[in-house]
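Comments concern the structure below.
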Amino acid sequence: ACYMENLDNIRKWPEARKPGIDRVIVNTEWCAFGDRGALEEIRTQFDRDLDEQSEHKGSHLFEKMISGLYLGEAVRLRMLCLIQSGQLFPGQEAHATSILSAKDLKNDYLFQTQHLSLVEKEGPLGAQAFFTKKGIPATEEDGWIIWELCTAVSTRASRLGAAALVAILERIEKASADSLCVVAVDGTPFKFHPFFQKRMNVAIDELLPGGHRVRLEMAKDGSGRGAAIIAAVAQRMNWSSLS
């Protein structure tokens, strides 16, 4: 997440203070938020298990709670727990665990974030049909449990993302009803999940009482276009000294 910060607040970059320069773009790298323990109060055992098996253990903890790269796996780990306790796919524990633990030729598990989006879009009956088609005969109750798991994981992700966004808006004092603040958002959940954007908006409304004008818009090719925008801003502000 990036935002414009007053240069006076950047104390570790004194050499940036030059005539005509009063603001700087800050990349928060909020994917690493929590790496020093700030998220421990809300992290669950499933978050720790997911982190333990990830390539970058102990880092990018916030990303692992909100990113499309990990949401499907977060659901899969919770399903395995319910299977082992007999609450999901009862009587099929070994069979269901085997299928959910197997990887395909791409080294992917059966359940991915795209399937989470599909389940939430189609509802409990869609979840039931999906797993039955994949070789795990699912009951209607199984469908409801899986749908509720998917909803819980994606809702938490959307609300955490909204909370981080609100923190930045409040810092730069853009959370008001006086002017419109447009926020460009990228990521597969925001782009493809049927309810992710709506849930973010609901959370923002809850966290910013008293009225505000914040609009979330999908950013296509965020990194590439972001670099182009920075270059355009630098040219417009006559930052020739940076070249």
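In the structure tokens, chains take the letters A, B, ... in the order shown, each chain's residues start at 1, and ligands count up from 1 in the order shown.
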
Could you give me, as a tab-separated table, a per-residue list for region 160-225 of chain A showing, wherever an atom lies at most 9 Å from an atom of region 109-114 of chain A, the closest pair of atoms and their distance in Å to one decimal, using only C-alpha atoms and sorting by chain then residue number from low to high?
residue	atom	partner	partner_atom	distance
A:Thr188	CA	A:Gln114	CA	8.8
A:Pro189	CA	A:Thr113	CA	8.1
A:Phe192	CA	A:Gln114	CA	8.1
A:His193	CA	A:Gln114	CA	8.0

Find the residues of region 147-225 of chain A that sit at most 12 Å from region 118-126 of chain A; for each, write down the nearest two atoms and how far apart they are in Å, to one decimal. Count only C-alpha atoms. Sort by chain, then by number going up, and give it as a Markdown table.
| residue | atom | partner | partner_atom | distance |
| --- | --- | --- | --- | --- |
| A:Trp147 | CA | A:Pro124 | CA | 5.3 |
| A:Glu148 | CA | A:Pro124 | CA | 8.3 |
| A:Leu149 | CA | A:Glu120 | CA | 9.6 |
| A:Cys150 | CA | A:Glu120 | CA | 6.7 |
| A:Thr151 | CA | A:Glu120 | CA | 6.6 |
| A:Ala152 | CA | A:Glu120 | CA | 10.3 |
| A:Val153 | CA | A:Glu120 | CA | 10.9 |
| A:Ser154 | CA | A:Glu120 | CA | 9.3 |
| A:Thr155 | CA | A:Glu120 | CA | 10.8 |
| A:Pro189 | CA | A:Leu118 | CA | 11.6 |
| A:Phe192 | CA | A:Leu118 | CA | 9.6 |
| A:His193 | CA | A:Leu118 | CA | 8.1 |
| A:Pro194 | CA | A:Lys121 | CA | 6.3 |
| A:Phe195 | CA | A:Glu120 | CA | 8.3 |
| A:Phe196 | CA | A:Glu120 | CA | 10.4 |

Assign secondary structure with DSSP using the backbone only, and return the residues of region 14-241 of chain A in helix (DSSP H, G or I) as a PyMOL selection string.
chain A and resi 14-16+30-32+45-52+63-66+68-84+93-101+113-133+140-171+188-192+196-207+222-236+240-241

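Those residues in region 101-198 of chain A carrying a DSSP assignment of strand (DSSP E), computed from the backbone, are Cys181, Val182, Val183, Ala184 and Val185 of chain A.
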
Resulting file, chosen residues, N, CA, C and O atoms, as a tab-separated table (two decimals), in the first residue's frame:
chain	number	residue	atom	x	y	z
A	181	CYS	N	-12.03	10.75	-1.81
A	181	CYS	CA	-10.73	10.06	-1.81
A	181	CYS	C	-10.91	8.74	-2.56
A	181	CYS	O	-11.66	7.87	-2.13
A	182	VAL	N	-10.21	8.63	-3.68
A	182	VAL	CA	-10.29	7.41	-4.48
A	182	VAL	C	-9.08	6.52	-4.16
A	182	VAL	O	-7.94	6.98	-4.22
A	183	VAL	N	-9.36	5.28	-3.82
A	183	VAL	CA	-8.30	4.34	-3.45
A	183	VAL	C	-8.24	3.24	-4.50
A	183	VAL	O	-9.24	2.55	-4.76
A	184	ALA	N	-7.09	3.08	-5.12
A	184	ALA	CA	-6.89	2.02	-6.11
A	184	ALA	C	-6.49	0.74	-5.39
A	184	ALA	O	-5.56	0.72	-4.59
A	185	VAL	N	-7.21	-0.34	-5.66
A	185	VAL	CA	-6.99	-1.61	-4.97
A	185	VAL	C	-6.71	-2.69	-6.01
A	185	VAL	O	-7.41	-2.78	-7.03

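Between CA of Ala74 (chain A) and CA of Glu55 (chain A) the separation is 15.1 Å.
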
Using CA of Ala203 (chain A) and CA of Arg159 (chain A) as the two end points, give the distance in Å to one decimal.
5.7 Å

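Closest approach to Asp142 (chain A) among A:Leu7, A:Met79, A:Leu105, A:Ala231: A:Met79, based on only C-alpha atoms.
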
With distances taken over only C-alpha atoms, the candidate from A:His56, A:Ala127, A:Asn6, A:Ile21 nearest Arg236 (chain A) is A:Ile21

Which value, in Å to one decimal, gives the distance between CA of Trp30 (chain A) and CA of Gln235 (chain A)?
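Result for CA of Trp30 (chain A) versus CA of Gln235 (chain A): 27.6 Å, one decimal.
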
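Proximity to Ala1 (chain A) at 9 Å, evaluated using only C-alpha atoms and with sequence-adjacent residues fewer than 5 positions away removed, yields Val26, Asn27, Thr28, Glu29, Trp30, Cys31, Leu165 and Val185 of chain A.
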
One residue among A:Lys174, A:Arg225, A:Arg43, A:Lys134 is nearest to Glu5 (chain A) when using only C-alpha atoms, and that residue is A:Lys174
